[in-house]
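Dropping protein32.txt in here (compact mmCIF, C-alpha atoms and all ligand atoms):
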# COMPACT_ATOMS: atom_id res chain seq x y z
CA MET A 1 16.85 12.86 3.56
CA ARG A 2 13.81 15.12 3.37
CA LEU A 3 11.55 16.24 6.19
CA HIS A 4 7.86 17.11 5.67
CA VAL A 5 5.90 18.74 8.46
CA ILE A 6 2.17 18.77 9.20
CA ARG A 7 1.13 21.78 11.26
CA ASP A 8 -2.04 22.74 13.03
CA GLY A 9 -1.69 26.51 13.21
CA ASP A 10 1.80 27.02 14.61
CA GLU A 11 1.96 23.61 16.23
CA VAL A 12 3.85 20.76 14.53
CA VAL A 13 1.56 17.74 14.82
CA SER A 14 3.44 15.26 12.67
CA THR A 15 6.77 14.96 10.87
CA ILE A 16 7.48 12.73 7.89
CA THR A 17 11.04 11.73 7.03
CA VAL A 18 11.85 10.20 3.65
CA GLY A 19 15.27 8.80 2.88
CA ARG A 20 17.55 5.82 2.61
CA GLY A 21 18.91 4.31 5.79
CA VAL A 22 16.57 6.00 8.22
CA ASP A 23 17.54 4.25 11.47
CA ALA A 24 18.83 7.46 13.02
CA SER A 25 15.59 9.32 12.21
CA LEU A 26 13.59 6.50 13.70
CA THR A 27 15.58 6.39 16.92
CA ASP A 28 15.33 10.19 17.13
CA ALA A 29 11.55 9.90 16.90
CA VAL A 30 11.41 7.17 19.52
CA GLY A 31 13.86 8.84 21.88
CA THR A 32 16.26 7.23 24.31
CA ASP A 33 14.38 7.53 27.58
CA PRO A 34 15.03 4.14 29.24
CA GLN A 35 11.74 4.50 31.12
CA ARG A 36 9.86 4.51 27.87
CA LYS A 37 8.17 1.35 26.68
CA VAL A 38 7.85 0.72 22.97
CA ALA A 39 5.53 -1.79 21.32
CA VAL A 40 6.44 -2.53 17.70
CA LEU A 41 3.42 -3.80 15.76
CA CYS A 42 3.94 -5.72 12.52
CA GLN A 43 2.46 -8.38 10.27
CA PRO A 44 4.22 -11.58 9.13
CA PRO A 45 5.78 -10.04 5.98
CA THR A 46 7.26 -7.19 8.03
CA PHE A 47 8.27 -9.28 11.04
CA ASP A 48 12.00 -9.35 10.25
CA LEU A 49 12.15 -5.61 9.72
CA ALA A 50 10.13 -4.98 12.89
CA MET A 51 12.47 -7.25 14.86
CA ARG A 52 15.45 -5.34 13.55
CA TYR A 53 13.91 -2.09 14.82
CA THR A 54 12.89 -3.68 18.12
CA ASN A 55 16.48 -4.82 18.67
CA LEU A 56 17.73 -1.38 17.72
CA PHE A 57 15.49 0.24 20.37
CA ALA A 58 16.52 -2.35 22.94
CA SER A 59 20.18 -1.66 22.17
CA LEU A 60 19.51 1.96 23.13
CA GLY A 61 18.20 0.83 26.51
CA LEU A 62 14.47 1.13 25.76
CA ASP A 63 12.00 -1.46 26.95
CA ALA A 64 10.96 -2.63 23.46
CA SER A 65 9.10 -5.67 22.25
CA GLY A 66 7.35 -6.77 19.08
CA TYR A 67 3.76 -7.88 18.50
CA THR A 68 2.61 -9.58 15.30
CA LEU A 69 -0.92 -9.04 13.96
CA PRO A 70 -2.71 -11.12 11.32
CA ASP A 71 -1.73 -10.10 7.79
CA GLY A 72 -3.44 -7.61 5.49
CA GLU A 73 -7.04 -6.58 6.09
CA ALA A 74 -7.46 -9.34 8.69
CA ALA A 75 -5.70 -6.98 11.11
CA LYS A 76 -8.30 -4.25 10.60
CA GLN A 77 -10.79 -5.66 13.07
CA ILE A 78 -12.03 -4.52 16.44
CA SER A 79 -11.14 -7.95 17.88
CA VAL A 80 -7.52 -7.47 16.81
CA VAL A 81 -7.50 -3.96 18.26
CA GLU A 82 -8.70 -5.43 21.54
CA GLU A 83 -5.85 -7.95 21.49
CA VAL A 84 -3.39 -5.11 21.04
CA TYR A 85 -5.00 -3.21 23.97
CA ARG A 86 -4.55 -6.31 26.13
CA HIS A 87 -0.94 -6.64 25.07
CA LEU A 88 -0.34 -3.00 26.07
CA ASN A 89 -2.18 -3.62 29.35
CA SER A 90 0.04 -6.62 30.03
CA ARG A 91 3.04 -4.34 29.65
CA SER A 92 1.44 -1.63 31.84
CA PHE A 93 1.62 0.98 29.12
CA THR A 94 1.06 4.60 30.09
CA ARG A 95 0.49 7.68 27.96
CA ASP A 96 4.25 8.31 27.99
CA ASP A 97 4.87 5.11 26.07
CA LEU A 98 4.86 4.58 22.34
CA VAL A 99 3.45 2.28 19.67
CA VAL A 100 5.41 1.87 16.43
CA GLY A 101 3.66 0.35 13.40
CA VAL A 102 5.85 -1.32 10.76
CA GLY A 103 3.90 -2.43 7.70
CA GLY A 104 1.56 -1.52 4.88
CA GLY A 105 -1.55 0.64 5.01
CA ALA A 106 -3.62 -1.95 6.85
CA LEU A 107 -1.07 -2.20 9.66
CA THR A 108 -0.65 1.57 10.02
CA ASP A 109 -4.46 2.04 9.98
CA VAL A 110 -4.78 -0.31 12.98
CA THR A 111 -1.76 1.19 14.72
CA GLY A 112 -3.33 4.63 14.40
CA PHE A 113 -6.68 3.39 15.64
CA VAL A 114 -4.96 1.97 18.73
CA GLY A 115 -3.02 5.20 19.13
CA GLY A 116 -6.15 7.31 18.94
CA THR A 117 -8.11 5.26 21.46
CA TYR A 118 -5.87 3.43 23.94
CA LEU A 119 -5.78 5.49 27.15
CA ARG A 120 -7.74 8.04 25.07
CA GLY A 121 -4.64 8.65 23.00
CA ILE A 122 -1.05 7.46 23.01
CA ALA A 123 1.73 8.47 20.62
CA VAL A 124 2.34 6.39 17.52
CA VAL A 125 5.10 6.30 14.92
CA TYR A 126 4.61 4.71 11.49
CA VAL A 127 7.18 2.99 9.35
CA PRO A 128 5.20 2.42 6.12
CA THR A 129 6.66 -0.46 4.14
CA THR A 130 4.48 -0.41 1.00
CA LEU A 131 4.44 2.30 -1.65
CA LEU A 132 0.72 2.86 -1.06
CA GLY A 133 1.38 3.16 2.66
CA ALA A 134 4.18 5.65 2.12
CA VAL A 135 2.35 7.94 -0.32
CA ASP A 136 -1.17 7.61 1.01
CA ALA A 137 -2.26 5.55 4.03
CA SER A 138 0.37 6.74 6.51
CA ILE A 139 -0.13 10.43 5.70
CA GLY A 140 -3.03 12.56 6.84
CA GLY A 141 -4.20 11.12 10.13
CA LYS A 142 -7.09 8.95 9.00
CA THR A 143 -7.24 5.58 10.73
CA GLY A 144 -9.77 2.82 10.47
CA VAL A 145 -10.93 -0.69 11.06
CA ASN A 146 -13.55 -2.63 9.10
CA VAL A 147 -16.99 -3.43 10.51
CA ASP A 148 -18.79 -5.25 7.69
CA GLY A 149 -17.91 -2.32 5.42
CA LYS A 150 -14.40 -0.94 5.02
CA ASN A 151 -13.12 1.67 7.48
CA LEU A 152 -16.51 2.11 9.14
CA ALA A 153 -14.93 2.79 12.52
CA GLY A 154 -12.01 5.13 12.90
CA VAL A 155 -10.58 8.21 14.50
CA PHE A 156 -8.53 11.09 13.18
CA LYS A 157 -5.09 10.74 14.73
CA HIS A 158 -1.82 12.00 13.33
CA PRO A 159 1.21 9.84 14.03
CA GLN A 160 3.90 11.78 15.85
CA ALA A 161 6.33 10.74 13.11
CA VAL A 162 6.35 8.80 9.87
CA ILE A 163 9.64 7.33 8.74
CA VAL A 164 9.84 6.16 5.12
CA ASP A 165 12.86 4.06 4.14
CA VAL A 166 13.08 4.19 0.34
CA ASP A 167 15.42 1.18 0.40
CA THR A 168 12.52 -0.89 1.77
CA LEU A 169 10.23 0.37 -1.01
CA ASP A 170 12.82 -0.41 -3.69
CA GLN A 171 12.78 -4.04 -2.58
CA LEU A 172 9.00 -4.43 -2.81
CA PRO A 173 7.56 -7.08 -5.11
CA VAL A 174 6.64 -5.56 -8.46
CA GLU A 175 2.84 -5.99 -7.97
CA GLN A 176 3.10 -3.96 -4.76
CA ARG A 177 4.94 -1.16 -6.53
CA VAL A 178 2.35 -1.12 -9.32
CA GLN A 179 -0.52 -0.85 -6.80
CA GLY A 180 1.11 2.11 -5.10
CA ALA A 181 1.86 3.71 -8.47
CA ALA A 182 -1.86 4.17 -9.07
CA GLU A 183 -2.18 6.50 -6.06
CA ALA A 184 1.09 8.26 -6.86
CA ILE A 185 0.02 8.92 -10.47
CA LYS A 186 -3.39 10.05 -9.19
CA THR A 187 -1.61 12.54 -6.95
CA GLY A 188 0.46 13.63 -9.92
CA CYS A 189 -2.60 14.22 -12.09
CA ILE A 190 -4.36 16.38 -9.50
CA ALA A 191 -1.40 18.37 -8.23
CA ASP A 192 2.14 17.61 -9.46
CA ILE A 193 2.85 16.66 -13.06
CA GLY A 194 6.41 15.87 -11.97
CA ILE A 195 5.12 12.56 -10.57
CA VAL A 196 3.54 11.66 -13.91
CA GLU A 197 6.80 12.62 -15.64
CA ALA A 198 8.82 10.38 -13.31
CA TYR A 199 6.67 7.42 -14.38
CA GLU A 200 6.80 8.45 -18.04
CA ARG A 201 10.61 8.53 -17.92
CA SER A 202 10.86 5.15 -16.26
CA PRO A 203 7.51 3.37 -15.93
CA ARG A 204 8.82 0.22 -14.24
CA ALA A 205 11.60 1.70 -12.14
CA PRO A 206 10.91 5.35 -11.37
CA ASP A 207 12.96 7.25 -8.84
CA LEU A 208 10.85 6.27 -5.85
CA GLU A 209 12.50 8.75 -3.52
CA ASP A 210 11.36 11.57 -5.82
CA VAL A 211 7.89 10.06 -6.37
CA VAL A 212 7.34 9.53 -2.65
CA ASN A 213 8.57 12.99 -1.68
CA ARG A 214 6.38 14.68 -4.28
CA SER A 215 3.31 12.61 -3.37
CA ILE A 216 3.75 13.26 0.33
CA ALA A 217 4.26 16.98 -0.27
CA VAL A 218 0.89 17.14 -2.05
CA LYS A 219 -0.94 15.14 0.57
CA VAL A 220 0.58 17.18 3.39
CA ALA A 221 -0.49 20.42 1.71
CA VAL A 222 -4.03 19.21 1.12
CA VAL A 223 -4.46 17.72 4.57
CA THR A 224 -3.03 20.77 6.29
CA GLU A 225 -5.69 22.85 4.59
CA ASP A 226 -8.49 20.44 5.33
CA PHE A 227 -7.88 17.90 8.09
CA THR A 228 -11.36 16.48 8.46
CA GLU A 229 -12.37 16.27 4.83
CA GLN A 230 -14.95 18.99 4.43
CA GLY A 231 -13.57 20.49 1.27
CA ARG A 232 -10.26 20.40 -0.50
CA ARG A 233 -9.26 16.97 0.77
CA ALA A 234 -11.92 15.60 -1.57
CA ILE A 235 -9.59 16.11 -4.56
CA LEU A 236 -7.58 13.14 -3.31
CA ASN A 237 -10.59 11.04 -4.34
CA TYR A 238 -9.86 11.59 -8.04
CA GLY A 239 -10.55 8.28 -9.79
CA HIS A 240 -12.19 6.85 -6.69
CA THR A 241 -15.92 7.29 -7.46
CA VAL A 242 -15.83 4.89 -10.39
CA GLY A 243 -12.78 3.14 -8.88
CA HIS A 244 -14.60 2.10 -5.71
CA ALA A 245 -17.56 0.88 -7.77
CA ILE A 246 -15.25 -1.22 -9.96
CA GLU A 247 -13.48 -2.54 -6.84
CA THR A 248 -16.83 -3.56 -5.32
CA VAL A 249 -18.34 -5.08 -8.44
CA THR A 250 -15.28 -6.85 -9.87
CA GLY A 251 -13.12 -7.52 -6.81
CA LYS A 252 -10.17 -5.84 -8.56
CA SER A 253 -7.45 -4.56 -6.26
CA HIS A 254 -7.74 -0.96 -5.07
CA GLY A 255 -4.82 0.26 -7.18
CA GLU A 256 -6.10 -1.35 -10.38
CA ALA A 257 -9.62 -0.10 -9.73
CA VAL A 258 -8.36 3.44 -9.13
CA ALA A 259 -6.44 3.35 -12.42
CA ILE A 260 -9.62 2.33 -14.24
CA GLY A 261 -11.53 4.98 -12.29
CA MET A 262 -9.03 7.64 -13.38
CA VAL A 263 -9.59 6.74 -17.03
CA ALA A 264 -13.35 7.13 -16.48
CA ALA A 265 -12.88 10.41 -14.61
CA GLY A 266 -10.58 11.59 -17.41
CA ALA A 267 -13.31 10.97 -19.99
CA ALA A 268 -15.86 12.81 -17.84
CA SER A 269 -13.33 15.63 -17.44
CA ALA A 270 -12.88 15.92 -21.20
CA ARG A 271 -16.64 16.11 -21.68
CA MET A 272 -17.44 18.57 -18.93
CA LEU A 273 -14.27 20.64 -18.53
CA GLY A 274 -12.43 20.22 -21.83
CA PHE A 275 -9.58 18.23 -20.22
CA GLY A 276 -6.99 17.47 -22.91
CA GLY A 277 -4.90 14.88 -21.07
CA VAL A 278 -6.99 11.75 -21.57
CA ARG A 279 -4.48 10.01 -23.82
CA ARG A 280 -1.45 10.96 -21.75
CA GLN A 281 -3.06 9.72 -18.54
CA ALA A 282 -4.06 6.38 -20.09
CA ASP A 283 -0.60 5.94 -21.63
CA VAL A 284 1.27 6.40 -18.37
CA LEU A 285 -1.08 4.06 -16.49
CA SER A 286 -0.61 1.35 -19.16
CA ALA A 287 3.14 1.83 -19.26
CA VAL A 288 3.30 1.24 -15.51
CA GLY A 289 1.31 -1.98 -15.88
CA LEU A 290 -2.07 -0.76 -14.65
CA PRO A 291 -5.34 -1.54 -16.45
CA THR A 292 -7.30 1.15 -18.28
CA LYS A 293 -10.41 -0.91 -19.06
CA ALA A 294 -12.81 -2.62 -16.69
CA PRO A 295 -13.43 -6.34 -16.89
CA ASP A 296 -16.68 -7.33 -18.59
CA VAL A 297 -19.31 -6.18 -16.08
CA PRO A 298 -22.86 -4.89 -16.54
CA PHE A 299 -23.37 -1.13 -16.69
CA ALA A 300 -26.25 -1.37 -14.21
CA SER A 301 -24.20 -2.93 -11.43
CA VAL A 302 -21.40 -0.36 -11.73
CA ARG A 303 -23.94 2.48 -11.87
CA ALA A 304 -25.71 1.09 -8.80
CA ALA A 305 -22.44 0.81 -6.86
CA MET A 306 -21.61 4.40 -7.79
CA ALA A 307 -24.96 5.57 -6.45
CA LEU A 308 -23.94 4.27 -3.03
CA ASP A 309 -20.83 6.40 -3.06
CA LYS A 310 -20.34 8.66 -0.06
CA LYS A 311 -19.83 11.71 -2.25
CA ARG A 312 -23.38 11.72 -3.50
CA ASP A 313 -25.65 14.48 -2.28
CA ALA A 314 -29.14 15.75 -3.11
CA SER A 315 -27.94 17.51 -6.25
CA GLY A 316 -26.62 14.30 -7.79
CA LEU A 317 -23.38 12.39 -8.19
CA ARG A 318 -20.30 14.46 -7.51
CA MET A 319 -16.96 13.53 -9.03
CA VAL A 320 -13.51 15.02 -8.92
CA LEU A 321 -12.69 16.06 -12.49
CA LEU A 322 -9.69 17.75 -14.12
CA ARG A 323 -9.80 20.96 -16.09
CA ASP A 324 -6.13 20.31 -16.72
CA PHE A 325 -3.39 18.33 -14.99
CA GLY A 326 -3.02 20.06 -11.64
CA SER A 327 -6.47 21.71 -11.77
CA PRO A 328 -9.02 19.45 -10.09
CA GLU A 329 -12.62 20.48 -9.45
CA VAL A 330 -15.50 18.76 -7.71
CA VAL A 331 -18.32 18.68 -10.24
CA THR A 332 -21.89 17.39 -10.15
CA VAL A 333 -22.13 15.10 -13.16
CA ASP A 334 -25.24 14.33 -15.23
CA ASP A 335 -26.27 10.88 -16.42
CA ALA A 336 -24.94 11.35 -19.94
CA THR A 337 -21.49 12.12 -18.50
CA VAL A 338 -21.60 9.04 -16.29
CA ARG A 339 -22.43 6.99 -19.39
CA ALA A 340 -19.53 8.53 -21.30
CA ALA A 341 -17.18 7.91 -18.37
CA LEU A 342 -18.16 4.25 -18.10
CA ASP A 343 -18.09 3.83 -21.88
CA ALA A 344 -14.45 4.94 -21.83
CA ILE A 345 -13.56 1.97 -19.63
CA GLY A 346 -15.60 -0.48 -21.67
CA VAL A 347 -18.66 -0.55 -19.43
CA GLY A 348 -21.70 0.29 -21.53
N1 LIG A 401 -5.67 5.93 6.34
C1 LIG A 401 -5.71 6.31 5.10
O1 LIG A 401 -5.78 7.51 4.78
C2 LIG A 401 -5.65 5.27 4.02
C3 LIG A 401 -5.47 5.66 2.69
C4 LIG A 401 -5.36 4.67 1.72
C5 LIG A 401 -5.44 3.34 2.08
N2 LIG A 401 -5.61 2.99 3.38
C6 LIG A 401 -5.69 1.59 3.78
O2 LIG A 401 -4.46 0.96 3.45
C7 LIG A 401 -4.71 -0.42 3.25
C8 LIG A 401 -3.99 -0.87 2.01
O3 LIG A 401 -2.60 -0.68 2.21
P1 LIG A 401 -1.52 -1.52 1.38
O4 LIG A 401 -1.78 -1.38 -0.06
O5 LIG A 401 -0.21 -1.14 1.93
O6 LIG A 401 -1.92 -3.01 1.71
P2 LIG A 401 -1.60 -3.94 2.99
O7 LIG A 401 -1.29 -3.15 4.18
O8 LIG A 401 -2.70 -4.91 3.08
O9 LIG A 401 -0.28 -4.68 2.51
C9 LIG A 401 -0.34 -5.59 1.43
C10 LIG A 401 0.53 -6.80 1.74
O10 LIG A 401 1.93 -6.47 1.67
C11 LIG A 401 2.58 -6.89 2.84
N3 LIG A 401 3.76 -6.06 3.02
C12 LIG A 401 3.86 -4.89 3.69
N4 LIG A 401 5.10 -4.41 3.58
C13 LIG A 401 5.81 -5.29 2.82
C14 LIG A 401 7.15 -5.33 2.37
N5 LIG A 401 8.02 -4.35 2.64
N6 LIG A 401 7.53 -6.39 1.60
C15 LIG A 401 6.66 -7.36 1.29
N7 LIG A 401 5.36 -7.37 1.70
C16 LIG A 401 4.96 -6.33 2.45
C17 LIG A 401 1.52 -6.75 3.88
O11 LIG A 401 1.87 -7.43 5.06
C18 LIG A 401 0.32 -7.35 3.15
O12 LIG A 401 0.41 -8.73 3.11
C19 LIG A 401 -6.21 -0.61 3.19
O13 LIG A 401 -6.65 -1.17 4.39
C20 LIG A 401 -6.73 0.81 3.05
O14 LIG A 401 -8.03 0.98 3.63
C21 LIG A 401 -5.71 3.94 4.34
ZN ZN A 402 -7.16 5.06 -2.91

Full structure transcribed into structure tokens:
Amino acid sequence: MRLHVIRDGDEVVSTITVGRGVDASLTDAVGTDPQRKVAVLCQPPTFDLAMRYTNLFASLGLDASGYTLPDGEAAKQISVVEEVYRHLNSRSFTRDDLVVGVGGGALTDVTGFVGGTYLRGIAVVYVPTTLLGAVDASIGGKTGVNVDGKNLAGVFKHPQAVIVDVDTLDQLPVEQRVQGAAEAIKTGCIADIGIVEAYERSPRAPDLEDVVNRSIAVKVAVVTEDFTEQGRRAILNYGHTVGHAIETVTGKSHGEAVAIGMVAAGAASARMLGFGGVRRQADVLSAVGLPTKAPDVPFASVRAAMALDKKRDASGLRMVLLRDFGSPEVVTVDDATVRAALDAIGVG
């Protein structure tokens, strides 16, 4: 069992527990005050797990009940948030009560949005049940719902606690583990080669407890330095400038698009910063089962989607590049570099 802590100055704002068999950590986080109401939010695939936790809380004397949201991104809507508010109203929730979110990144994003806004802020606990949720979405206090575009409404809100049960992650369908691997390997490339090595040793069945702990440690360090994304937090976007464009243009999943985006960013890194790890990065992504080439799409549409990227400013397109594994830099890239980056993924 490992504990990670997010601090704001001297104050602990969030704790993250990673282990196997985490019921005791979860009940510690929730407490045993019989006056306390607990709402356990889930989606259909996590219903059984959420019910198990709800029953566990009830067995401790808490007033606990479950509430099921629509699955996946369908939950990330203002109308769903409003339904959750009404559910909490119907149970006369106060600021002393607690919302627990059991599910993937979409579910924890909505849970956090509710937590940041209901009664102007109520405590939330996350139990991330996907690898991407565990290493990325549940860590760092960003929440969001979709309004036409993705995550266009959100608040910064740290969960009081995040409880990651590695046994749950080990049982995930293989596609889910591959999606999450893209973000874990990204984290490895920017800040901890040990994650890359874990996937190199065992591409299909890495030690997830190690991978998750290492990935969380990096994200915690980066977020602690830069909670609201002015500076250093940007390095977490490695692979995402081209990745988001590929996701938009081709409809590829986020994880696959990020893998392709990392290959493009690797090529740009080699050109601008002399990065020597292009081959190694592509090899580990392939070994895991992630793509390294884009589907057949026109250069112009990918370039246009990149131009809409949030990280563009007056000086041009800014990308996170690597001087070496573990040495990311935010660099303004010229057109020739963009061409080289897209050429490396077969878009030219
Ligand atoms: N807040 C952040 O910082 C942040 C960072 C990255 C991503 N995100 C968000 O996370 C979301 C993606 O998260 P995701 O990849 O976890 O997808 P997801 O939450 O949509 O989950 C994918 C599917 O897996 C199901 N599922 C969840 N746990 C399962 C389990 N244990 N077994 C079987 N099925 C399970 C889900 O119900 C869903 O159907 C996006 O909405 C994205 O915007 C947020
Ligand atoms: Zn991502």

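Closest approach to ligand LIG 401 (chain A) from the set A:Ala267, A:Ala137, A:Val81, A:Cys42 is made by A:Ala137, with distances taken over all atoms listed in the file.
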
For stretch 290-308 of chain A, I'd like the enclosing box, axis-aligned and padded by 3 Å on every side, reported as lines of an AutoDock Vina configuration file with centre and edge lengths in Å to one decimal.
center_x = -14.2
center_y = -0.9
center_z = -11.0
size_x = 30.2
size_y = 18.9
size_z = 22.0

Residue nearest A:Ala264 among A:Arg279, A:Arg177, A:Arg36, A:Arg232 (counting all atoms listed in the file): A:Arg279

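Between atom CA of A:Val22 and atom CA of A:Tyr199 the separation is 24.7 Å.
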
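Take atom CA of A:Leu342 and atom CA of A:Ser327: the distance between them is 21.9 Å.
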
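With atom CA of A:Glu225 on one side and atom CA of A:Gly274 on the other, the separation reads 27.4 Å.
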
Neighbour list for A:Asp207 as a ChimeraX atom specification, cut-off 12 Å, only C-alpha atoms, skip fewer than 6 positions in-chain: /A:166-167,169-170,177,181,194-201,213-214

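Using only C-alpha atoms, the smallest distance between any of A:Gly261, A:Gly348, A:Gly61, A:Gly72 and A:Ala300 comes from A:Gly348.
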
Ligand LIG 401 (chain A) neighbours within 6 Å using all atoms listed in the file, as a ChimeraX atom specification: /A:43,45-46,71-73,103-107,109,129-130,132-133,136-137,142-143,168,172
